[in-house]
Each structure stands twice: as C-alpha cells, then as structure tokens.
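Novice: Input structure: target-v2.txt, which contains compact mmCIF, C-alpha atoms.
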```
# COMPACT_ATOMS: atom_id res chain seq x y z
CA MET Y 144 12.61 17.01 117.83
CA ASN Y 145 9.75 15.90 115.64
CA ALA Y 146 6.47 17.77 115.32
CA ILE Y 147 4.39 15.40 117.46
CA ASP Y 148 6.94 15.60 120.32
CA ALA Y 149 6.94 19.38 120.06
CA LEU Y 150 3.14 19.42 120.35
CA LYS Y 151 3.09 16.99 123.25
CA LYS Y 152 5.58 19.05 125.23
CA SER Y 153 3.81 22.38 124.79
CA PHE Y 154 1.56 23.30 127.70
CA ILE Y 155 -1.77 23.59 125.91
CA PHE Y 156 -1.52 20.20 124.18
CA SER Y 157 0.25 18.39 127.01
CA SER Y 158 -2.83 16.52 128.27
CA LEU Y 159 -3.77 15.05 124.88
CA GLU Y 160 -3.56 11.37 123.98
CA GLU Y 161 -1.49 10.28 120.95
CA ALA Y 162 -4.58 9.99 118.69
CA ASP Y 163 -5.68 13.52 119.59
CA LEU Y 164 -2.18 14.89 119.07
CA ARG Y 165 -2.36 13.48 115.52
CA GLU Y 166 -5.60 15.38 114.95
CA VAL Y 167 -3.92 18.60 116.06
CA LEU Y 168 -0.88 17.83 113.93
CA LYS Y 169 -3.11 17.79 110.84
CA ILE Y 170 -3.89 21.50 111.27
CA THR Y 171 -0.27 22.57 111.88
CA ARG Y 172 2.07 23.84 109.19
CA GLU Y 173 5.86 23.92 109.44
CA LYS Y 174 7.23 27.41 109.04
CA ARG Y 175 10.87 28.51 108.84
CA PHE Y 176 12.25 31.96 109.69
CA ASN Y 177 15.81 33.18 109.21
CA LYS Y 178 17.92 34.72 111.97
CA ASP Y 179 16.78 38.32 112.71
CA GLU Y 180 13.53 37.92 110.85
CA ILE Y 181 10.46 39.47 112.54
CA ILE Y 182 7.87 36.76 113.19
CA MET Y 183 5.23 39.05 114.61
CA GLN Y 184 5.05 42.77 115.25
CA GLU Y 185 3.29 44.26 118.28
CA GLY Y 186 -0.04 45.85 117.34
CA GLU Y 187 -0.31 44.12 113.97
CA LYS Y 188 -3.24 41.89 113.18
CA GLY Y 189 -2.61 38.16 113.15
CA ASP Y 190 -4.60 34.93 113.21
CA CYS Y 191 -1.97 32.28 113.94
CA MET Y 192 -0.27 30.87 116.99
CA TYR Y 193 3.27 29.45 116.87
CA LEU Y 194 5.15 26.76 118.68
CA VAL Y 195 8.95 26.80 118.77
CA VAL Y 196 10.43 23.52 117.42
CA GLU Y 197 13.99 24.64 116.59
CA GLY Y 198 15.88 27.88 117.23
CA GLU Y 199 15.59 30.76 119.65
CA VAL Y 200 13.23 33.74 119.66
CA GLY Y 201 13.19 37.08 121.50
CA VAL Y 202 10.04 38.75 122.81
CA SER Y 203 9.90 42.54 123.09
CA LYS Y 204 7.38 45.27 123.79
CA SER Y 205 7.51 49.02 123.17
CA LEU Y 206 7.33 51.39 126.13
CA THR Y 207 7.29 55.18 126.50
CA MET Y 208 10.13 56.23 128.81
CA LYS Y 209 11.20 59.68 130.00
CA PHE Y 210 14.85 60.45 129.37
CA GLY Y 211 14.88 64.13 130.31
CA ASP Y 212 12.66 67.25 130.40
CA ASN Y 213 10.08 66.78 127.66
CA ASP Y 214 12.21 63.98 126.24
CA PHE Y 215 9.86 61.03 125.99
CA ARG Y 216 11.00 58.20 123.79
CA GLN Y 217 9.36 55.06 122.54
CA THR Y 218 11.82 52.33 123.48
CA GLU Y 219 11.80 48.65 122.68
CA LYS Y 220 12.10 46.58 125.83
CA THR Y 221 13.17 42.94 125.52
CA LEU Y 222 11.02 40.90 127.84
CA THR Y 223 12.35 37.40 127.46
CA SER Y 224 13.68 34.81 125.04
CA PHE Y 225 12.62 31.26 124.32
CA LYS Y 226 14.60 28.19 123.32
CA PRO Y 227 13.09 24.94 122.06
CA GLU Y 228 13.42 23.35 125.51
CA ASP Y 229 10.98 25.99 126.84
CA HIS Y 230 8.32 24.48 124.55
CA ALA Y 231 6.98 28.00 124.22
CA ILE Y 232 3.93 28.96 122.29
CA PHE Y 233 3.11 32.50 121.30
CA GLY Y 234 0.33 34.30 119.51
CA GLU Y 235 -2.13 31.90 121.21
CA MET Y 236 -4.53 34.77 121.94
CA ALA Y 237 -5.14 34.92 118.16
CA LEU Y 238 -6.86 31.52 118.43
CA ILE Y 239 -9.70 32.97 120.45
CA GLY Y 240 -10.44 36.20 118.71
CA GLN Y 241 -7.74 38.60 119.88
CA ASP Y 242 -6.29 39.80 116.60
CA SER Y 243 -3.72 42.47 117.48
CA ARG Y 244 -0.37 41.13 118.69
CA SER Y 245 0.50 42.04 122.28
CA ALA Y 246 4.28 41.86 121.74
CA SER Y 247 6.88 41.58 118.98
CA ILE Y 248 8.72 38.32 118.32
CA ALA Y 249 11.99 38.08 116.39
CA ALA Y 250 14.09 35.07 115.39
CA ARG Y 251 17.46 35.13 117.21
CA THR Y 252 18.69 32.15 115.22
CA ASP Y 253 17.28 30.30 112.22
CA CYS Y 254 14.01 28.87 113.49
CA LEU Y 255 11.47 26.19 112.78
CA PHE Y 256 7.92 26.61 114.10
CA LEU Y 257 4.62 24.87 113.95
CA GLU Y 258 1.91 27.31 112.97
CA ILE Y 259 -1.81 26.89 113.76
CA ASN Y 260 -4.38 29.13 112.14
CA ARG Y 261 -7.49 30.36 114.01
CA ASN Y 262 -10.05 29.08 111.46
CA ASP Y 263 -8.49 25.61 111.39
CA PHE Y 264 -8.38 25.56 115.19
CA VAL Y 265 -12.05 26.56 115.56
CA ARG Y 266 -13.08 23.97 112.95
CA LEU Y 267 -11.14 21.27 114.84
CA ILE Y 268 -12.60 22.01 118.28
CA GLU Y 269 -16.11 22.24 116.85
CA ALA Y 270 -15.73 18.96 114.94
CA LYS Y 271 -14.14 17.24 117.93
CA PRO Y 272 -15.59 19.00 120.98
CA ARG Y 273 -14.21 16.49 123.47
CA LEU Y 274 -10.70 17.28 122.21
CA GLY Y 275 -11.75 20.95 122.15
CA VAL Y 276 -12.66 20.97 125.85
CA THR Y 277 -9.30 19.42 126.79
CA ILE Y 278 -7.32 21.99 124.80
CA LEU Y 279 -9.44 24.99 125.88
CA LEU Y 280 -9.12 24.05 129.55
CA LYS Y 281 -5.31 24.12 129.21
CA LEU Y 282 -5.43 27.32 127.16
CA SER Y 283 -7.59 28.95 129.86
CA GLU Y 284 -5.14 27.73 132.51
CA LEU Y 285 -2.28 29.35 130.56
CA LEU Y 286 -4.21 32.63 130.34
CA VAL Y 287 -5.00 32.51 134.06
CA ASN Y 288 -1.30 31.99 134.85
CA ARG Y 289 -0.41 34.99 132.67
CA LEU Y 290 -3.09 37.10 134.37
CA LYS Y 291 -1.72 36.12 137.77
CA GLN Y 292 1.78 37.18 136.65
CA SER Y 293 0.47 40.50 135.26
CA SER Y 294 -1.41 41.12 138.45
CA GLN Y 295 1.80 40.66 140.49
CA ASP Y 296 3.64 43.02 138.10
CA ILE Y 297 0.92 45.66 138.60
CA ILE Y 298 1.21 45.38 142.39
CA ARG Y 299 5.02 45.66 142.24
CA LEU Y 300 4.88 48.65 139.88
CA THR Y 301 2.23 50.41 141.99
CA THR Y 302 4.35 49.93 145.11
CA ALA Y 303 7.47 51.17 143.28
CA LEU Y 304 5.55 54.20 141.99
CA SER Y 305 4.29 55.01 145.48
CA ILE Y 306 7.89 54.90 146.75
CA ALA Y 307 9.19 57.03 143.86
CA LEU Y 308 6.46 59.64 144.35
CA SER Y 309 7.04 59.91 148.12
CA ARG Y 310 10.73 60.79 147.79
CA MET W 267 -34.53 39.29 136.84
CA ASN W 268 -34.89 35.51 136.81
CA ALA W 269 -31.95 33.13 136.88
CA ILE W 270 -32.06 32.14 133.21
CA ASP W 271 -32.06 35.81 132.12
CA ALA W 272 -29.13 36.50 134.44
CA LEU W 273 -27.18 33.62 132.85
CA LYS W 274 -28.03 34.67 129.31
CA LYS W 275 -26.85 38.22 129.90
CA SER W 276 -23.51 37.30 131.45
CA PHE W 277 -20.63 37.31 128.96
CA ILE W 278 -19.48 33.70 129.25
CA PHE W 279 -22.96 32.20 128.75
CA SER W 280 -24.19 34.80 126.26
CA SER W 281 -23.77 32.63 123.16
CA LEU W 282 -25.76 29.65 124.52
CA GLU W 283 -29.14 28.53 123.22
CA GLU W 284 -32.10 28.25 125.60
CA ALA W 285 -31.69 24.45 126.00
CA ASP W 286 -28.01 24.83 126.91
CA LEU W 287 -28.78 27.65 129.34
CA ARG W 288 -31.13 25.24 131.12
CA GLU W 289 -28.26 22.72 131.43
CA VAL W 290 -26.08 25.40 133.01
CA LEU W 291 -28.93 26.49 135.27
CA LYS W 292 -29.03 22.96 136.73
CA ILE W 293 -25.55 23.40 138.20
CA THR W 294 -26.17 26.87 139.66
CA ARG W 295 -27.27 27.53 143.22
CA GLU W 296 -28.91 30.73 144.47
CA LYS W 297 -26.91 32.37 147.20
CA ARG W 298 -27.82 35.43 149.29
CA PHE W 299 -25.40 37.76 151.08
CA ASN W 300 -26.29 40.61 153.41
CA LYS W 301 -25.04 44.19 152.99
CA ASP W 302 -21.34 44.47 154.05
CA GLU W 303 -20.82 40.71 154.04
CA ILE W 304 -17.51 39.54 152.52
CA ILE W 305 -18.19 37.23 149.58
CA MET W 306 -14.59 36.38 148.85
CA GLN W 307 -11.30 37.41 150.39
CA GLU W 308 -8.15 38.02 148.32
CA GLY W 309 -5.66 35.17 148.71
CA GLU W 310 -8.18 32.70 150.14
CA LYS W 311 -8.86 29.43 148.41
CA GLY W 312 -12.15 29.10 146.58
CA ASP W 313 -13.76 26.85 144.01
CA CYS W 314 -16.85 28.79 142.93
CA MET W 315 -17.66 31.53 140.50
CA TYR W 316 -20.52 33.98 141.09
CA LEU W 317 -22.88 35.92 138.92
CA VAL W 318 -24.62 39.02 140.26
CA VAL W 319 -28.44 38.76 139.96
CA GLU W 320 -29.53 41.39 142.50
CA GLY W 321 -27.59 43.96 144.53
CA GLU W 322 -24.27 45.72 144.23
CA VAL W 323 -20.75 44.46 145.03
CA GLY W 324 -17.40 46.18 145.50
CA VAL W 325 -14.08 44.74 144.31
CA SER W 326 -10.88 45.61 146.18
CA LYS W 327 -7.25 44.57 146.27
CA SER W 328 -4.54 45.15 148.86
CA LEU W 329 -1.47 47.17 147.93
CA THR W 330 1.71 48.15 149.76
CA MET W 331 2.08 51.94 149.67
CA LYS W 332 4.77 54.20 151.09
CA PHE W 333 3.42 56.96 153.34
CA GLY W 334 6.71 58.28 154.73
CA ASP W 335 10.28 57.24 155.58
CA ASN W 336 10.11 53.54 156.39
CA ASP W 337 6.35 53.84 156.65
CA PHE W 338 5.00 51.18 154.33
CA ARG W 339 1.38 50.26 154.82
CA GLN W 340 -0.82 47.59 153.38
CA THR W 341 -3.81 49.51 152.06
CA GLU W 342 -7.04 48.24 150.60
CA LYS W 343 -7.68 49.78 147.19
CA THR W 344 -11.21 49.68 145.79
CA LEU W 345 -10.97 48.81 142.13
CA THR W 346 -14.53 48.89 140.93
CA SER W 347 -18.13 48.06 141.77
CA PHE W 348 -20.74 46.03 139.94
CA LYS W 349 -24.49 46.39 139.71
CA PRO W 350 -26.86 43.77 138.29
CA GLU W 351 -27.01 45.60 134.94
CA ASP W 352 -23.26 44.96 134.52
CA HIS W 353 -24.05 41.22 134.42
CA ALA W 354 -20.73 40.74 136.14
CA ILE W 355 -19.23 37.41 137.01
CA PHE W 356 -16.35 37.00 139.43
CA GLY W 357 -14.28 34.16 140.75
CA GLU W 358 -14.40 32.61 137.26
CA MET W 359 -10.69 31.71 137.46
CA ALA W 360 -11.68 29.15 140.11
CA LEU W 361 -13.48 27.19 137.39
CA ILE W 362 -10.23 26.34 135.68
CA GLY W 363 -7.92 25.51 138.49
CA GLN W 364 -6.87 28.83 139.96
CA ASP W 365 -7.81 28.43 143.60
CA SER W 366 -6.56 31.56 145.36
CA ARG W 367 -8.77 34.62 144.94
CA SER W 368 -7.11 37.51 143.08
CA ALA W 369 -9.27 40.21 144.75
CA SER W 370 -11.75 40.71 147.59
CA ILE W 371 -15.46 41.11 146.94
CA ALA W 372 -17.91 42.60 149.43
CA ALA W 373 -21.68 43.08 149.25
CA ARG W 374 -22.56 46.81 149.16
CA THR W 375 -26.26 46.04 149.43
CA ASP W 376 -28.18 42.84 150.13
CA CYS W 377 -27.30 40.60 147.18
CA LEU W 378 -28.51 37.60 145.29
CA PHE W 379 -26.01 35.57 143.25
CA LEU W 380 -25.90 32.45 141.19
CA GLU W 381 -23.00 30.26 142.30
CA ILE W 382 -21.29 27.63 140.12
CA ASN W 383 -18.89 25.14 141.65
CA ARG W 384 -15.75 23.96 139.81
CA ASN W 385 -16.49 20.22 140.06
CA ASP W 386 -20.04 20.67 138.73
CA PHE W 387 -18.72 22.86 135.92
CA VAL W 388 -16.05 20.35 134.87
CA ARG W 389 -18.60 17.51 134.98
CA LEU W 390 -20.97 19.52 132.78
CA ILE W 391 -18.42 20.42 130.10
CA GLU W 392 -17.10 16.86 130.01
CA ALA W 393 -20.60 15.38 129.74
CA LYS W 394 -21.63 17.94 127.11
CA PRO W 395 -18.42 18.86 125.31
CA ARG W 396 -20.15 20.83 122.56
CA LEU W 397 -21.65 23.10 125.21
CA GLY W 398 -18.23 23.04 126.92
CA VAL W 399 -16.43 24.37 123.85
CA THR W 400 -18.92 27.25 123.51
CA ILE W 401 -18.54 28.29 127.15
CA LEU W 402 -14.74 27.84 127.26
CA LEU W 403 -14.29 29.95 124.11
CA LYS W 404 -16.18 32.81 125.80
CA LEU W 405 -14.31 32.28 129.07
CA SER W 406 -10.99 32.42 127.19
CA GLU W 407 -12.14 35.58 125.42
CA LEU W 408 -12.93 37.13 128.82
CA LEU W 409 -9.45 36.19 130.11
CA VAL W 410 -7.81 37.62 126.98
CA ASN W 411 -9.70 40.91 127.47
CA ARG W 412 -8.52 41.06 131.08
CA LEU W 413 -4.94 40.31 130.01
CA LYS W 414 -5.12 43.11 127.45
CA GLN W 415 -6.35 45.50 130.15
CA SER W 416 -3.57 44.39 132.55
CA SER W 417 -1.01 44.82 129.83
CA GLN W 418 -2.15 48.42 129.24
CA ASP W 419 -2.01 49.07 133.00
CA ILE W 420 1.57 47.75 133.11
CA ILE W 421 2.60 50.05 130.25
CA ARG W 422 0.96 53.06 131.91
CA LEU W 423 2.57 52.28 135.28
CA THR W 424 6.00 51.72 133.72
CA THR W 425 5.77 55.06 131.92
CA ALA W 426 4.62 56.81 135.12
CA LEU W 427 7.48 55.18 137.06
CA SER W 428 10.01 56.30 134.46
CA ILE W 429 8.69 59.88 134.77
CA ALA W 430 8.71 59.76 138.58
CA LEU W 431 12.29 58.40 138.67
CA SER W 432 13.60 61.00 136.22
CA ARG W 433 12.44 64.01 138.30
```
What's the structure tokens form of this structure?

Specialist:
Amino acid sequence: MNAIDALKKSFIFSSLEEADLREVLKITREKRFNKDEIIMQEGEKGDCMYLVVEGEVGVSKSLTMKFGDNDFRQTEKTLTSFKPEDHAIFGEMALIGQDSRSASIAARTDCLFLEINRNDFVRLIEAKPRLGVTILLKLSELLVNRLKQSSQDIIRLTTALSIALSR
Amino acid sequence: MNAIDALKKSFIFSSLEEADLREVLKITREKRFNKDEIIMQEGEKGDCMYLVVEGEVGVSKSLTMKFGDNDFRQTEKTLTSFKPEDHAIFGEMALIGQDSRSASIAARTDCLFLEINRNDFVRLIEAKPRLGVTILLKLSELLVNRLKQSSQDIIRLTTALSIALSR
C-alpha cells in the first residue's frame, strides 16, 4: 500500500479530496520499526501520531491487580492489536496537546508507519483552515466514539463491581 | 452575566477574539428551563449543546446495580452538578455527530442557557474555517481531557474489581 492510500483509508483523513491528501502527505514521514521494538510507552511524553502502513502492532496498558493478601502487582494487559487493514492510527491525542501516552504500543512484526508531528499538523491546519476543519471534525468524531466506548466500559465495570461486592 | 461573557468563559470558546465571539453569539439562542425540568434525557436523540448562564444543573446516568440474589435494578446515579461559575457546557458531542445523549441533565434551579444547534455550528465553521479550527481544537482538547478521566476511572474500577473478586 502506498502512503496516499494509507492516509485515505485512515478514519481521520477519509473525507479529504486527493489534493488535500497530498497536503497532508507533505507533513508525514515514513518510519520503520523492527519486530518487538517499543513504538510508544504509556506515560511517556510524545508529540507524534502514527498510522500503520505495513506490519502489526500490539496495544497494552498497565493495571494494578490483586493476586493475594497484600499482593498487588502491576500487570501489563494487552488491549488489542492492529494490522494494516485496520487502517489504525494511534497517538492522535498528541496532535491536540495531550502529551503523555495513554497506552504502550509495540511492533509485533517489522513495521512501516507514517508519522505526523504536532507542530507540523498545527501549522498545516492554520495555513489551510478549510482542510483543518475537515480533519478536526473527523478527529473529534473519533474521540467521541472512543468516549462512548469508555463510557460503556465504565457502566459494565460498575455493574460487575456491584455484583462482586454483593456476593 | 451577559451572553458574550458566558461564551468567553466557557472552555471551547475561551481562545476566541471579541469579533469571533460575536459570530458565535449569532448562532446561540437563549433558553430558559424551570426548576426540576429535564433538559436532556440519557439515550434520547439531540442536536444541541448548552452552556449554563444562570442556575444550577445536575448530571446523572443510569446504572444496573445488584441489590440481592437476582435483584438487579436500574438506578439513577448523580454524577455531578454545575453552577454558572463552572462555565459548563454539555451536549457538545451533538455538535459533531453523536446524537444520543450520554447522560441526563436536570435543572436544579430555574436556569438560563445558551443553546447552539449542530446545523448552525457546522455552517459557521464551514463559512469561517479559521474560527472553526480554533473552536474545534478546543473541543478536541475537551474530549481528550474527558477520555483521560474515563481512562483513569476504568483503571480504578478494574483494580477495585480485581480486589473484590480475590476476596
């Protein structure tokens, strides 16, 4: 898959015309990671978002779990994995000011990504505000979808906790 | 507080200049609710966001809780309340395509709001994309902050569940 196809198929750039996609392409950089390399680490600062072009990545998050009396352990929970056909982007919160990573991402195979840096992104949307509005509307939609998902998770966990506590 | 001050103090319009605030003001409508009136109902469709100018509102969400053997009840959990000095906005997800309300909002006192409708909002940011980029960046920042908060809630609930299950 070439870079412009990868952009076009990713959710936040999916409503852009060819000419606008080329503008976005100008601020992307190709970046390769080897199998098992850590692409981002939860909690670390970062100012780039990534788009998977080739390869597979795993997303994980650390959790405190209780294994026995006074035995609390920080465990790494794998949340999901992405293949190129998912057209996944990650680290997109870095584009709008959030600088600490909310999860860890590791390369499960050799990978090729497109990387977009926050400063370049802000410069682009300020120089081309019409393009900026189109991208930011999709980015907001993505964030709303994630919030909706989180909200459902919170309801499920609260219900499960209420059941566990009433035993 | 007048309408332009209320806009200026709310997070998503806080970085706008006076002239831009006046453009936003043109698409707002004043809306009054009486004490105990329901402003929005969780799950219902809606296409407006609101900004509290006068009065106090309560935010609640329904949850399934277990009260005894096979006794599951849908309960209404009050999450928080907002006063005018919080410069709270709610229903903002409706501006970017999310049409079912994620929580219920009720007036705790007589209230005055500014209401902004999705279609008017989209028309404004398309007609004035530079203004659009400024607002959408703040709106995205607000969504990212809420996602961060949800993510912390999920971690806390997962830890609590692990403790409850290990008893």

Novice: Dump as number ranges by chain the residues of chain Y that approach chain W to within 6 Å, counting all atoms listed in the file.

Specialist: Y: 207-209, 272-273, 276, 283, 290, 297, 302, 304-307

Novice: Enter the distance from atom CA of Val200 of chain Y to atom CA of Asp263 of chain Y, in Å, rounded to one decimal.

Specialist: 24.6 Å

Novice: Name all residues at most 10 Å from Leu267 of chain Y (count all atoms listed in the file; drop same-chain ones fewer than 6 positions away) and give them as a list in words.

Specialist: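 Close residues of Leu267 of chain Y: Glu166, Val167, Lys169, Ile170, Arg261, Leu274 and Gly275 of chain Y.
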
Novice: To one decimal place in Å, what is the distance between atom CA of Asp253 of chain Y and atom CA of Glu185 of chain Y?

Specialist: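 Pair atom CA of Asp253 of chain Y / atom CA of Glu185 of chain Y returns 20.7 Å.
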
Novice: In Å, with one decimal, what is the gap from atom CA of Met183 of chain Y to atom CA of Phe225 of chain Y?

Specialist: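 We find that atom CA of Met183 of chain Y and atom CA of Phe225 of chain Y lie 14.5 Å from each other.
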
Novice: Which residue out of W:Cys377, W:Ile355, W:Leu282, W:Ala372 has the minimum interatomic distance to Gly324 of chain W when all atoms listed in the file are used?

Specialist: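 Among the listed residues, W:Ala372 lies closest to Gly324 of chain W.
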
Novice: Closest to Ile147 of chain Y among Y:Ser243, Y:Lys178, Y:Glu161, Y:Arg266, using only C-alpha atoms?

Specialist: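 Result for the nearest residue to Ile147 of chain Y: Y:Glu161.
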
Novice: Would you mind completing segment 233-247 of chain Y so that it carries N, CA, C and O atoms, and writing it out as a PDB file, in the coordinates of the input?

Specialist:
```
ATOM      1  N   PHE Y 233       3.455  31.080 121.235  1.00  0.00           N
ATOM      2  CA  PHE Y 233       3.110  32.500 121.300  1.00  0.00           C
ATOM      3  C   PHE Y 233       2.090  32.819 120.215  1.00  0.00           C
ATOM      4  O   PHE Y 233       1.926  32.068 119.266  1.00  0.00           O
ATOM      5  N   GLY Y 234       1.403  33.931 120.428  1.00  0.00           N
ATOM      6  CA  GLY Y 234       0.330  34.300 119.510  1.00  0.00           C
ATOM      7  C   GLY Y 234      -0.940  33.503 119.787  1.00  0.00           C
ATOM      8  O   GLY Y 234      -1.878  33.526 119.001  1.00  0.00           O
ATOM      9  N   GLU Y 235      -0.979  32.788 120.937  1.00  0.00           N
ATOM     10  CA  GLU Y 235      -2.130  31.900 121.210  1.00  0.00           C
ATOM     11  C   GLU Y 235      -3.422  32.683 121.417  1.00  0.00           C
ATOM     12  O   GLU Y 235      -4.506  32.140 121.251  1.00  0.00           O
ATOM     13  N   MET Y 236      -3.307  33.990 121.747  1.00  0.00           N
ATOM     14  CA  MET Y 236      -4.530  34.770 121.940  1.00  0.00           C
ATOM     15  C   MET Y 236      -5.266  34.952 120.602  1.00  0.00           C
ATOM     16  O   MET Y 236      -6.478  35.174 120.588  1.00  0.00           O
ATOM     17  N   ALA Y 237      -4.512  34.818 119.489  1.00  0.00           N
ATOM     18  CA  ALA Y 237      -5.140  34.920 118.160  1.00  0.00           C
ATOM     19  C   ALA Y 237      -6.138  33.779 117.940  1.00  0.00           C
ATOM     20  O   ALA Y 237      -7.064  33.909 117.142  1.00  0.00           O
ATOM     21  N   LEU Y 238      -5.956  32.660 118.637  1.00  0.00           N
ATOM     22  CA  LEU Y 238      -6.860  31.520 118.430  1.00  0.00           C
ATOM     23  C   LEU Y 238      -8.272  31.791 118.947  1.00  0.00           C
ATOM     24  O   LEU Y 238      -9.218  31.159 118.534  1.00  0.00           O
ATOM     25  N   ILE Y 239      -8.380  32.739 119.869  1.00  0.00           N
ATOM     26  CA  ILE Y 239      -9.700  32.970 120.450  1.00  0.00           C
ATOM     27  C   ILE Y 239     -10.159  34.394 120.265  1.00  0.00           C
ATOM     28  O   ILE Y 239     -10.804  34.979 121.122  1.00  0.00           O
ATOM     29  N   GLY Y 240      -9.796  34.963 119.115  1.00  0.00           N
ATOM     30  CA  GLY Y 240     -10.440  36.200 118.710  1.00  0.00           C
ATOM     31  C   GLY Y 240      -9.627  37.463 118.870  1.00  0.00           C
ATOM     32  O   GLY Y 240      -9.946  38.467 118.266  1.00  0.00           O
ATOM     33  N   GLN Y 241      -8.585  37.418 119.707  1.00  0.00           N
ATOM     34  CA  GLN Y 241      -7.740  38.600 119.880  1.00  0.00           C
ATOM     35  C   GLN Y 241      -6.889  38.699 118.624  1.00  0.00           C
ATOM     36  O   GLN Y 241      -6.103  37.802 118.339  1.00  0.00           O
ATOM     37  N   ASP Y 242      -7.022  39.789 117.859  1.00  0.00           N
ATOM     38  CA  ASP Y 242      -6.290  39.800 116.600  1.00  0.00           C
ATOM     39  C   ASP Y 242      -5.092  40.744 116.547  1.00  0.00           C
ATOM     40  O   ASP Y 242      -4.317  40.691 115.603  1.00  0.00           O
ATOM     41  N   SER Y 243      -4.926  41.626 117.561  1.00  0.00           N
ATOM     42  CA  SER Y 243      -3.720  42.470 117.480  1.00  0.00           C
ATOM     43  C   SER Y 243      -2.673  41.916 118.445  1.00  0.00           C
ATOM     44  O   SER Y 243      -2.954  41.597 119.594  1.00  0.00           O
ATOM     45  N   ARG Y 244      -1.463  41.786 117.937  1.00  0.00           N
ATOM     46  CA  ARG Y 244      -0.370  41.130 118.690  1.00  0.00           C
ATOM     47  C   ARG Y 244       0.020  41.959 119.898  1.00  0.00           C
ATOM     48  O   ARG Y 244       0.226  43.179 119.787  1.00  0.00           O
ATOM     49  N   SER Y 245       0.197  41.319 121.044  1.00  0.00           N
ATOM     50  CA  SER Y 245       0.500  42.040 122.280  1.00  0.00           C
ATOM     51  C   SER Y 245       1.996  42.277 122.473  1.00  0.00           C
ATOM     52  O   SER Y 245       2.392  42.999 123.374  1.00  0.00           O
ATOM     53  N   ALA Y 246       2.830  41.662 121.642  1.00  0.00           N
ATOM     54  CA  ALA Y 246       4.280  41.860 121.740  1.00  0.00           C
ATOM     55  C   ALA Y 246       4.905  41.538 120.379  1.00  0.00           C
ATOM     56  O   ALA Y 246       4.236  40.980 119.511  1.00  0.00           O
ATOM     57  N   SER Y 247       6.166  41.924 120.209  1.00  0.00           N
ATOM     58  CA  SER Y 247       6.880  41.580 118.980  1.00  0.00           C
ATOM     59  C   SER Y 247       7.763  40.357 119.232  1.00  0.00           C
ATOM     60  O   SER Y 247       8.301  40.197 120.327  1.00  0.00           O
TER      61      SER Y 247
END
```
